[in-house]
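Chemist: Could you have a look at this structure, given as structure tokens, before my questions?
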Amino acid sequence: MVDLRRLRYFVVLAETLHFGKAALRLAIAQPPLSHQIRVLERELGAQLFERSNRRVELTSAGQALLPEARRLLEQAAKTAQVAARVERGEQGELRLGVVSTAALTQAVSRLILSYRQRWPGVRLHIEEFTTHEQLSAMVERRLDFAFVRGAQAPELPPASFGAVRLFEDALLAALPAAHRLAGSTAALSVGALRDEAFVIYPLESGAGIHAQIMALCHQAGFAPQVVQEARSATTIIGLVAAGLGVSLVPESFKSIAVQGVTYRPLREKKARSAMWLVHRNEPESAVEREFLALAGVAPFAGQARES
């Protein structure tokens, strides 16, 4: 394998055709330069320069080598630049998992947009998963970050993972526009929905809202009559608009433009939902560290905190 340093010496000498001038450009003494050129010629098994007391000229072999040497040095420089950019977090890949409602929230969309604008050289891979799927992918290192919903931080090994609460919004009652309770804008008690059919996320989706709806209904003294389950926010709102039932949804769902749905606030103080950013306590790359820094998060061991 040819030494890149000797190739650089060769190129400079080929451009100057003068050992003294080449040594000056390279900031080395002339004897070491002459020695390195001889070593290069021995390695290649070809004479690269014709030398005399008055002039230095490239041989045919030297002329053939010069463009190849320049390409090799240029590629080496590009490779070094790529490595430096990756080390600084300016280039690489970031894998993000999101729940279906993440795109409806400004805190998440602004964070992702800000990161893309600041680090355009990083490839973002964003995939929609359920909460359970995201947490499994984090443990298996198939995701770098996860955006999940829930009243509480998700349960993960505390020594390895942390979660920061990005924001919190209220849960609302989503009602068909023709529903008997849809005519008022006043706060509604969850108990007023005891005889209603519900459309909610399935339990296996791992969505924190499922557990929260069940808990709120039980605290109000009833078990909800679930007539339909759906894995996406748009489907849930669409089924409510179709009159299939009612639901309890985060306030950000109101941004889904579907006619035939009315929203009413809830009286219960615990009727609130949070969006969490799940991360590793010890980021493995500069790309991860820069994303955490932009989110305003410093790695910490096994705790949940608010942003």
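Lettering and numbering for the structure tokens are positional, with chains as A, B, ... in the shown order, residues counted from 1 in each chain, and ligands counted from 1 in the shown order.
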For stretch 108-154 of chain A versus stretch 274-295 of chain A, which residues have an atom no more than 7 Å away, and what is each residue's nearest atom pair and distance in Å rounded to one decimal, using only C-alpha atoms, chain-then-number order, as a Markdown table?
Modeler:
| residue | atom | partner | partner_atom | distance |
| --- | --- | --- | --- | --- |
| A:Leu111 | CA | A:Ala295 | CA | 6.7 |
| A:Tyr115 | CA | A:Phe291 | CA | 6.8 |
| A:Asp144 | CA | A:His279 | CA | 6.9 |
| A:Phe145 | CA | A:His279 | CA | 5.2 |
| A:Ala146 | CA | A:Val278 | CA | 5.0 |
| A:Phe147 | CA | A:Leu277 | CA | 4.8 |
| A:Val148 | CA | A:Trp276 | CA | 5.3 |
| A:Arg149 | CA | A:Met275 | CA | 4.6 |
| A:Gly150 | CA | A:Ala274 | CA | 5.4 |
| A:Ala151 | CA | A:Ala274 | CA | 5.6 |
| A:Ala153 | CA | A:Trp276 | CA | 6.8 |
Chemist: Suppose we keep N, CA and C atoms; can you now write the selection as a tab-separated table (two decimals), in the first residue's frame?
Modeler:
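Now in out.tsv:
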chain	number	residue	atom	x	y	z
A	111	LEU	N	-39.14	20.34	16.80
A	111	LEU	CA	-37.85	19.74	17.15
A	111	LEU	C	-37.23	19.06	15.94
A	115	TYR	N	-33.89	20.35	13.91
A	115	TYR	CA	-32.72	19.48	13.76
A	115	TYR	C	-32.35	19.34	12.29
A	144	ASP	N	-32.93	5.21	17.75
A	144	ASP	CA	-32.09	6.06	18.59
A	144	ASP	C	-32.94	6.84	19.58
A	145	PHE	N	-34.16	7.23	19.16
A	145	PHE	CA	-35.07	7.97	20.02
A	145	PHE	C	-36.50	7.51	19.76
A	146	ALA	N	-37.35	7.66	20.77
A	146	ALA	CA	-38.75	7.30	20.63
A	146	ALA	C	-39.62	8.43	21.18
A	147	PHE	N	-40.67	8.76	20.46
A	147	PHE	CA	-41.66	9.74	20.92
A	147	PHE	C	-42.92	8.96	21.27
A	148	VAL	N	-43.27	8.93	22.55
A	148	VAL	CA	-44.42	8.14	23.00
A	148	VAL	C	-45.33	9.00	23.87
A	149	ARG	N	-46.60	8.59	23.96
A	149	ARG	CA	-47.59	9.31	24.78
A	149	ARG	C	-47.91	8.52	26.02
A	150	GLY	N	-48.30	9.24	27.07
A	150	GLY	CA	-48.74	8.59	28.29
A	150	GLY	C	-48.78	9.57	29.44
A	151	ALA	N	-49.61	9.25	30.44
A	151	ALA	CA	-49.67	10.11	31.61
A	151	ALA	C	-48.37	10.06	32.40
A	153	ALA	N	-44.10	8.47	32.51
A	153	ALA	CA	-42.98	8.07	31.68
A	153	ALA	C	-43.04	6.58	31.42
Chemist: Give me the residues within 12 Å of stretch 20-28 of chain A as a list of chain:residue names, counting only C-alpha atoms and dropping any in the same chain fewer than 4 places off.
Modeler: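 Those residues are A:Arg5, A:Arg6, A:Arg8, A:Tyr9, A:Phe10, A:Val11, A:Val12, A:Leu13, A:Ala14, A:Glu15, A:Thr16, A:Pro32, A:Leu33, A:Ser34, A:His35, A:Gln36, A:Ile37, A:Arg55, A:Val56.
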Chemist: Write out as CSV the residues of stretch 215-239 of chain A that have any atom within 9 Å of an atom of stretch 259-269 of chain A, one row each with the nearest atom pair and its distance in Å to one decimal, counting only C-alpha atoms, sorted by chain and then rising number.
Modeler:
residue,atom,partner,partner_atom,distance
A:Leu216,CA,A:Glu268,CA,8.3
A:Ile237,CA,A:Val261,CA,7.4
A:Gly238,CA,A:Val261,CA,8.4
Chemist: With N, CA and C atoms kept, could you save the residues just selected as a PDB file, in the first residue's frame?
Modeler:
ATOM      1  N   LEU A 216     -59.625   6.624  33.993  1.00  0.00           N
ATOM      2  CA  LEU A 216     -60.570   7.724  34.212  1.00  0.00           C
ATOM      3  C   LEU A 216     -62.006   7.209  34.324  1.00  0.00           C
ATOM      4  N   ILE A 237     -60.958   9.493  15.111  1.00  0.00           N
ATOM      5  CA  ILE A 237     -61.785  10.687  14.902  1.00  0.00           C
ATOM      6  C   ILE A 237     -62.820  10.432  13.801  1.00  0.00           C
ATOM      7  N   GLY A 238     -62.426   9.719  12.758  1.00  0.00           N
ATOM      8  CA  GLY A 238     -63.364   9.411  11.683  1.00  0.00           C
ATOM      9  C   GLY A 238     -64.520   8.551  12.151  1.00  0.00           C
TER      10      GLY A 238
END
Chemist: Quick one: residues within 12 Å of stretch 173-189 of chain A, only C-alpha atoms, excluding same-chain residues fewer than 6 positions away - as a compact mmCIF listing (two decimals) with N, CA, C and O atoms, in the first residue's frame?
Modeler:
# COMPACT_ATOMS: atom_id res chain seq x y z
N GLU A 196 -72.25 5.46 27.19
CA GLU A 196 -71.86 5.64 25.79
C GLU A 196 -71.00 4.49 25.27
O GLU A 196 -70.30 3.82 26.03
N ALA A 197 -71.06 4.29 23.96
CA ALA A 197 -70.14 3.37 23.29
C ALA A 197 -68.83 4.12 23.03
O ALA A 197 -68.84 5.31 22.69
N PHE A 198 -67.68 3.44 23.21
CA PHE A 198 -66.37 4.09 23.09
C PHE A 198 -65.59 3.54 21.90
O PHE A 198 -65.66 2.34 21.58
N VAL A 199 -64.84 4.43 21.28
CA VAL A 199 -63.86 4.08 20.25
C VAL A 199 -62.50 4.47 20.79
O VAL A 199 -62.26 5.65 21.08
N ILE A 200 -61.60 3.49 20.96
CA ILE A 200 -60.31 3.78 21.59
C ILE A 200 -59.19 2.98 20.94
O ILE A 200 -59.43 2.09 20.11
N ILE A 213 -57.68 6.20 29.60
CA ILE A 213 -59.13 6.20 29.44
C ILE A 213 -59.77 5.20 30.40
O ILE A 213 -60.78 5.50 31.07
N LEU A 216 -59.62 6.62 33.99
CA LEU A 216 -60.57 7.72 34.21
C LEU A 216 -62.01 7.21 34.32
O LEU A 216 -62.78 7.68 35.17
N CYS A 217 -62.35 6.24 33.48
CA CYS A 217 -63.70 5.69 33.53
C CYS A 217 -63.93 4.91 34.83
O CYS A 217 -64.99 5.04 35.47
N GLN A 219 -62.43 5.41 37.66
CA GLN A 219 -62.54 6.38 38.75
C GLN A 219 -63.92 7.04 38.77
O GLN A 219 -64.38 7.50 39.82
N ALA A 220 -64.57 7.10 37.59
CA ALA A 220 -65.91 7.67 37.51
C ALA A 220 -66.98 6.62 37.84
O ALA A 220 -68.18 6.92 37.80
N GLY A 221 -66.56 5.38 38.12
CA GLY A 221 -67.49 4.35 38.56
C GLY A 221 -68.06 3.46 37.48
O GLY A 221 -69.08 2.81 37.70
N ALA A 233 -54.92 7.90 15.01
CA ALA A 233 -55.72 9.02 15.48
C ALA A 233 -56.79 9.40 14.47
O ALA A 233 -57.95 9.67 14.83
N ILE A 236 -59.75 6.97 14.58
CA ILE A 236 -60.60 7.17 15.77
C ILE A 236 -61.53 8.36 15.56
O ILE A 236 -62.74 8.28 15.81
N ILE A 237 -60.96 9.49 15.11
CA ILE A 237 -61.79 10.69 14.90
C ILE A 237 -62.82 10.43 13.80
O ILE A 237 -63.97 10.85 13.90
N GLY A 238 -62.43 9.72 12.76
CA GLY A 238 -63.36 9.41 11.68
C GLY A 238 -64.52 8.55 12.15
O GLY A 238 -65.67 8.76 11.74
N LEU A 239 -64.22 7.58 13.02
CA LEU A 239 -65.29 6.71 13.53
C LEU A 239 -66.22 7.46 14.47
O LEU A 239 -67.43 7.20 14.51
N VAL A 240 -65.67 8.41 15.23
CA VAL A 240 -66.53 9.25 16.08
C VAL A 240 -67.45 10.09 15.19
O VAL A 240 -68.65 10.22 15.45
N ALA A 241 -66.88 10.69 14.14
CA ALA A 241 -67.69 11.50 13.22
C ALA A 241 -68.80 10.68 12.57
O ALA A 241 -69.89 11.19 12.29
N ALA A 242 -68.52 9.39 12.37
CA ALA A 242 -69.53 8.51 11.75
C ALA A 242 -70.62 8.10 12.72
O ALA A 242 -71.57 7.40 12.33
N GLY A 243 -70.46 8.50 13.99
CA GLY A 243 -71.48 8.19 14.98
C GLY A 243 -71.33 6.83 15.63
O GLY A 243 -72.25 6.35 16.30
N LEU A 244 -70.16 6.20 15.47
CA LEU A 244 -69.97 4.86 16.03
C LEU A 244 -69.81 4.89 17.54
O LEU A 244 -70.10 3.91 18.22
N GLY A 245 -69.34 6.00 18.08
CA GLY A 245 -69.18 6.11 19.51
C GLY A 245 -68.49 7.40 19.87
O GLY A 245 -68.30 8.29 19.03
N VAL A 246 -68.09 7.51 21.15
CA VAL A 246 -67.36 8.67 21.64
C VAL A 246 -65.94 8.23 21.98
O VAL A 246 -65.63 7.04 21.99
N SER A 247 -65.09 9.20 22.28
CA SER A 247 -63.73 8.86 22.67
C SER A 247 -63.16 9.96 23.55
O SER A 247 -63.71 11.08 23.61
N LEU A 248 -62.09 9.65 24.24
CA LEU A 248 -61.30 10.64 24.97
C LEU A 248 -59.97 10.76 24.24
O LEU A 248 -59.26 9.77 24.08
N VAL A 249 -59.64 11.97 23.80
CA VAL A 249 -58.46 12.16 22.95
C VAL A 249 -57.67 13.37 23.42
O VAL A 249 -58.21 14.29 24.04
N PRO A 250 -56.37 13.41 23.12
CA PRO A 250 -55.56 14.59 23.43
C PRO A 250 -56.06 15.81 22.66
O PRO A 250 -56.61 15.69 21.55
N GLU A 251 -55.87 16.97 23.22
CA GLU A 251 -56.35 18.21 22.60
C GLU A 251 -55.75 18.42 21.21
O GLU A 251 -56.37 19.04 20.34
N SER A 252 -54.56 17.91 20.99
CA SER A 252 -53.91 18.07 19.68
C SER A 252 -54.69 17.37 18.56
O SER A 252 -54.51 17.69 17.39
N PHE A 253 -55.58 16.44 18.91
CA PHE A 253 -56.39 15.76 17.90
C PHE A 253 -57.32 16.75 17.18
O PHE A 253 -57.79 16.47 16.07
N LYS A 254 -57.57 17.89 17.79
CA LYS A 254 -58.47 18.86 17.18
C LYS A 254 -57.93 19.38 15.85
O LYS A 254 -58.66 19.93 15.04
N ILE A 256 -56.99 17.57 13.50
CA ILE A 256 -57.45 16.69 12.42
C ILE A 256 -58.78 17.25 11.91
O ILE A 256 -59.78 17.28 12.62
N VAL A 258 -61.85 16.98 10.53
CA VAL A 258 -62.93 16.06 10.18
C VAL A 258 -64.25 16.68 10.61
O VAL A 258 -64.42 17.04 11.78
N GLN A 259 -65.15 16.83 9.67
CA GLN A 259 -66.46 17.38 10.01
C GLN A 259 -67.27 16.36 10.78
O GLN A 259 -67.09 15.16 10.63
N GLY A 260 -68.17 16.87 11.61
CA GLY A 260 -69.06 15.98 12.33
C GLY A 260 -68.56 15.57 13.69
O GLY A 260 -69.10 14.64 14.29
N VAL A 261 -67.51 16.25 14.21
CA VAL A 261 -66.98 15.93 15.54
C VAL A 261 -67.00 17.19 16.39
O VAL A 261 -66.62 18.28 15.93
N THR A 262 -67.45 17.05 17.63
CA THR A 262 -67.45 18.14 18.60
C THR A 262 -66.57 17.75 19.78
O THR A 262 -66.58 16.58 20.20
N TYR A 263 -65.81 18.70 20.29
CA TYR A 263 -64.93 18.43 21.42
C TYR A 263 -65.38 19.21 22.65
O TYR A 263 -65.74 20.40 22.55
N ARG A 264 -65.37 18.53 23.80
CA ARG A 264 -65.69 19.20 25.06
C ARG A 264 -64.59 18.92 26.08
O ARG A 264 -64.09 17.78 26.17
N PRO A 265 -64.19 19.94 26.84
CA PRO A 265 -63.18 19.71 27.87
C PRO A 265 -63.72 18.84 28.99
O PRO A 265 -64.95 18.69 29.14
N LEU A 266 -62.82 18.24 29.74
CA LEU A 266 -63.19 17.37 30.86
C LEU A 266 -62.91 18.06 32.19
O LEU A 266 -61.95 18.82 32.31
N ARG A 267 -63.72 17.77 33.19
CA ARG A 267 -63.55 18.38 34.51
C ARG A 267 -62.39 17.77 35.30
O ARG A 267 -61.78 18.43 36.12
N GLU A 268 -62.12 16.50 35.05
CA GLU A 268 -61.12 15.79 35.85
C GLU A 268 -59.72 16.38 35.66
O GLU A 268 -59.24 16.52 34.52
N LYS A 269 -59.05 16.72 36.75
CA LYS A 269 -57.72 17.30 36.68
C LYS A 269 -56.69 16.32 36.12
O LYS A 269 -55.69 16.74 35.51
N LYS A 270 -56.93 15.02 36.31
CA LYS A 270 -55.98 14.02 35.82
C LYS A 270 -56.16 13.70 34.34
O LYS A 270 -55.42 12.89 33.79
N ALA A 271 -57.14 14.35 33.73
CA ALA A 271 -57.40 14.08 32.31
C ALA A 271 -56.42 14.88 31.45
O ALA A 271 -56.78 15.82 30.74
N ARG A 272 -55.15 14.50 31.54
CA ARG A 272 -54.10 15.15 30.77
C ARG A 272 -53.16 14.08 30.20
O ARG A 272 -52.98 13.02 30.81
Chemist: If you run DSSP on this backbone, which residues of stretch 62-166 of chain A come out as strand (DSSP E), and could you give them as a list in words?
Modeler: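 Answer for stretch 62-166 of chain A restricted to strand (DSSP E) is Gly92, Glu93, Leu94, Arg95, Leu96, Gly97, Val98, Val122, Arg123, Leu124, His125, Ile126, Glu127, Glu128, Phe145, Ala146, Phe147, Val148, Arg149, Gly150, Phe161, Gly162, Ala163, Val164, Arg165 and Leu166 of chain A.
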Chemist: Please extract the residues of stretch 25-121 of chain A with a backbone DSSP assignment of helix (DSSP H, G or I) and present them as an NGL selection string.
Modeler: :A and (25-26 or 30-44 or 60-87 or 102-104 or 106-118)
Chemist: Considering only C-alpha atoms, return as a PDB file with N, CA and C atoms, in the first residue's frame whatever protein or nucleic-acid residues lie within 10 Å of stretch 126-132 of chain A, sequence-local ones (same chain, fewer than 3 positions apart) excluded.
Modeler:
ATOM      1  N   LEU A  94     -29.878   9.215  11.893  1.00  0.00           N
ATOM      2  CA  LEU A  94     -30.631   9.274  13.146  1.00  0.00           C
ATOM      3  C   LEU A  94     -31.962   8.583  12.917  1.00  0.00           C
ATOM      4  N   ARG A  95     -32.266   7.588  13.780  1.00  0.00           N
ATOM      5  CA  ARG A  95     -33.482   6.791  13.630  1.00  0.00           C
ATOM      6  C   ARG A  95     -34.478   7.184  14.717  1.00  0.00           C
ATOM      7  N   LEU A  96     -35.614   7.729  14.289  1.00  0.00           N
ATOM      8  CA  LEU A  96     -36.632   8.211  15.216  1.00  0.00           C
ATOM      9  C   LEU A  96     -37.897   7.373  15.080  1.00  0.00           C
ATOM     10  N   GLY A  97     -38.477   7.006  16.206  1.00  0.00           N
ATOM     11  CA  GLY A  97     -39.773   6.351  16.223  1.00  0.00           C
ATOM     12  C   GLY A  97     -40.815   7.315  16.757  1.00  0.00           C
ATOM     13  N   VAL A  98     -42.006   7.311  16.163  1.00  0.00           N
ATOM     14  CA  VAL A  98     -43.060   8.218  16.598  1.00  0.00           C
ATOM     15  C   VAL A  98     -44.377   7.461  16.701  1.00  0.00           C
ATOM     16  N   VAL A  99     -45.216   7.872  17.634  1.00  0.00           N
ATOM     17  CA  VAL A  99     -46.590   7.374  17.665  1.00  0.00           C
ATOM     18  C   VAL A  99     -47.393   8.178  16.655  1.00  0.00           C
ATOM     19  N   SER A 100     -48.587   7.690  16.330  1.00  0.00           N
ATOM     20  CA  SER A 100     -49.364   8.312  15.254  1.00  0.00           C
ATOM     21  C   SER A 100     -49.747   9.753  15.566  1.00  0.00           C
ATOM     22  N   THR A 101     -49.812  10.117  16.842  1.00  0.00           N
ATOM     23  CA  THR A 101     -50.226  11.478  17.199  1.00  0.00           C
ATOM     24  C   THR A 101     -49.061  12.456  17.257  1.00  0.00           C
ATOM     25  N   ALA A 102     -47.831  11.980  17.113  1.00  0.00           N
ATOM     26  CA  ALA A 102     -46.670  12.866  17.268  1.00  0.00           C
ATOM     27  C   ALA A 102     -46.680  13.988  16.235  1.00  0.00           C
ATOM     28  N   ALA A 103     -47.082  13.660  15.007  1.00  0.00           N
ATOM     29  CA  ALA A 103     -47.068  14.667  13.948  1.00  0.00           C
ATOM     30  C   ALA A 103     -48.081  15.781  14.189  1.00  0.00           C
ATOM     31  N   ILE A 112     -38.024  18.273  15.225  1.00  0.00           N
ATOM     32  CA  ILE A 112     -37.506  17.559  14.056  1.00  0.00           C
ATOM     33  C   ILE A 112     -37.118  18.545  12.957  1.00  0.00           C
ATOM     34  N   ARG A 123     -28.965  12.009   7.878  1.00  0.00           N
ATOM     35  CA  ARG A 123     -30.156  11.356   7.309  1.00  0.00           C
ATOM     36  C   ARG A 123     -31.115  10.988   8.442  1.00  0.00           C
ATOM     37  N   LEU A 135     -40.610   0.988  22.166  1.00  0.00           N
ATOM     38  CA  LEU A 135     -39.789   0.661  23.333  1.00  0.00           C
ATOM     39  C   LEU A 135     -38.970  -0.602  23.079  1.00  0.00           C
ATOM     40  N   SER A 136     -39.568  -1.577  22.399  1.00  0.00           N
ATOM     41  CA  SER A 136     -38.811  -2.784  22.039  1.00  0.00           C
ATOM     42  C   SER A 136     -37.666  -2.434  21.097  1.00  0.00           C
ATOM     43  N   ALA A 137     -37.936  -1.554  20.139  1.00  0.00           N
ATOM     44  CA  ALA A 137     -36.908  -1.150  19.183  1.00  0.00           C
ATOM     45  C   ALA A 137     -35.784  -0.383  19.877  1.00  0.00           C
ATOM     46  N   MET A 138     -36.100   0.384  20.912  1.00  0.00           N
ATOM     47  CA  MET A 138     -35.063   1.093  21.659  1.00  0.00           C
ATOM     48  C   MET A 138     -34.158   0.095  22.373  1.00  0.00           C
ATOM     49  N   LEU A 143     -33.762   1.777  17.157  1.00  0.00           N
ATOM     50  CA  LEU A 143     -34.117   3.189  17.171  1.00  0.00           C
ATOM     51  C   LEU A 143     -33.149   3.936  18.081  1.00  0.00           C
ATOM     52  N   PHE A 145     -34.155   7.229  19.157  1.00  0.00           N
ATOM     53  CA  PHE A 145     -35.068   7.974  20.023  1.00  0.00           C
ATOM     54  C   PHE A 145     -36.496   7.512  19.759  1.00  0.00           C
ATOM     55  N   ALA A 146     -37.349   7.663  20.772  1.00  0.00           N
ATOM     56  CA  ALA A 146     -38.755   7.299  20.629  1.00  0.00           C
ATOM     57  C   ALA A 146     -39.615   8.428  21.182  1.00  0.00           C
ATOM     58  N   PHE A 147     -40.671   8.764  20.456  1.00  0.00           N
ATOM     59  CA  PHE A 147     -41.662   9.736  20.916  1.00  0.00           C
ATOM     60  C   PHE A 147     -42.925   8.964  21.274  1.00  0.00           C
ATOM     61  N   VAL A 148     -43.273   8.926  22.555  1.00  0.00           N
ATOM     62  CA  VAL A 148     -44.423   8.141  23.001  1.00  0.00           C
ATOM     63  C   VAL A 148     -45.334   9.005  23.868  1.00  0.00           C
ATOM     64  N   ARG A 149     -46.602   8.593  23.957  1.00  0.00           N
ATOM     65  CA  ARG A 149     -47.586   9.309  24.778  1.00  0.00           C
ATOM     66  C   ARG A 149     -47.915   8.517  26.024  1.00  0.00           C
ATOM     67  N   GLY A 150     -48.298   9.242  27.074  1.00  0.00           N
ATOM     68  CA  GLY A 150     -48.742   8.591  28.288  1.00  0.00           C
ATOM     69  C   GLY A 150     -48.784   9.569  29.444  1.00  0.00           C
ATOM     70  N   PRO A 154     -42.644   6.115  30.233  1.00  0.00           N
ATOM     71  CA  PRO A 154     -42.680   4.675  29.941  1.00  0.00           C
ATOM     72  C   PRO A 154     -41.686   3.922  30.798  1.00  0.00           C
ATOM     73  N   GLU A 204     -53.144  -3.669  23.053  1.00  0.00           N
ATOM     74  CA  GLU A 204     -51.851  -4.177  22.582  1.00  0.00           C
ATOM     75  C   GLU A 204     -51.023  -3.124  21.866  1.00  0.00           C
ATOM     76  N   SER A 205     -51.621  -1.980  21.530  1.00  0.00           N
ATOM     77  CA  SER A 205     -50.847  -0.928  20.873  1.00  0.00           C
ATOM     78  C   SER A 205     -49.846  -0.296  21.832  1.00  0.00           C
ATOM     79  N   GLY A 206     -50.120  -0.460  23.132  1.00  0.00           N
ATOM     80  CA  GLY A 206     -49.227   0.131  24.111  1.00  0.00           C
ATOM     81  C   GLY A 206     -49.431   1.623  24.261  1.00  0.00           C
ATOM     82  N   ALA A 207     -50.439   2.182  23.600  1.00  0.00           N
ATOM     83  CA  ALA A 207     -50.688   3.619  23.701  1.00  0.00           C
ATOM     84  C   ALA A 207     -51.090   3.961  25.131  1.00  0.00           C
ATOM     85  N   GLY A 208     -50.428   4.933  25.719  1.00  0.00           N
ATOM     86  CA  GLY A 208     -50.725   5.310  27.098  1.00  0.00           C
ATOM     87  C   GLY A 208     -52.135   5.820  27.279  1.00  0.00           C
ATOM     88  N   ARG A 231     -56.016   1.891  15.590  1.00  0.00           N
ATOM     89  CA  ARG A 231     -54.622   2.159  15.919  1.00  0.00           C
ATOM     90  C   ARG A 231     -54.157   3.554  15.514  1.00  0.00           C
ATOM     91  N   SER A 232     -54.946   4.304  14.753  1.00  0.00           N
ATOM     92  CA  SER A 232     -54.505   5.633  14.327  1.00  0.00           C
ATOM     93  C   SER A 232     -55.468   6.706  14.800  1.00  0.00           C
TER      94      SER A 232
END
Chemist: Quick one: of A:Thr234, A:Ser273, A:Gln228, A:Gln75, who's nearest to A:Leu172, counting only C-alpha atoms?
Modeler: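 Smallest distance to A:Leu172 is found for A:Ser273.
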Chemist: Under the rule that only C-alpha atoms are counted, which of A:Leu7, A:Gln117, A:Pro31, A:Asn53 is the nearest residue to A:Ala69?
Modeler: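 That would be A:Leu7, the residue with the smallest distance to A:Ala69.
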Chemist: Taking only C-alpha atoms into account, which of A:Leu171, A:Leu156, A:Gln30, A:Ala230 comes nearest A:Gln212?
Modeler: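 Of the candidates, the smallest distance to A:Gln212 is held by A:Leu171.
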Chemist: Suppose you want the space between atom CA of A:Pro120 and atom CA of A:Ser160; what is it in Å?
Modeler: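 Separating atom CA of A:Pro120 from atom CA of A:Ser160 is a distance of 28.6 Å.
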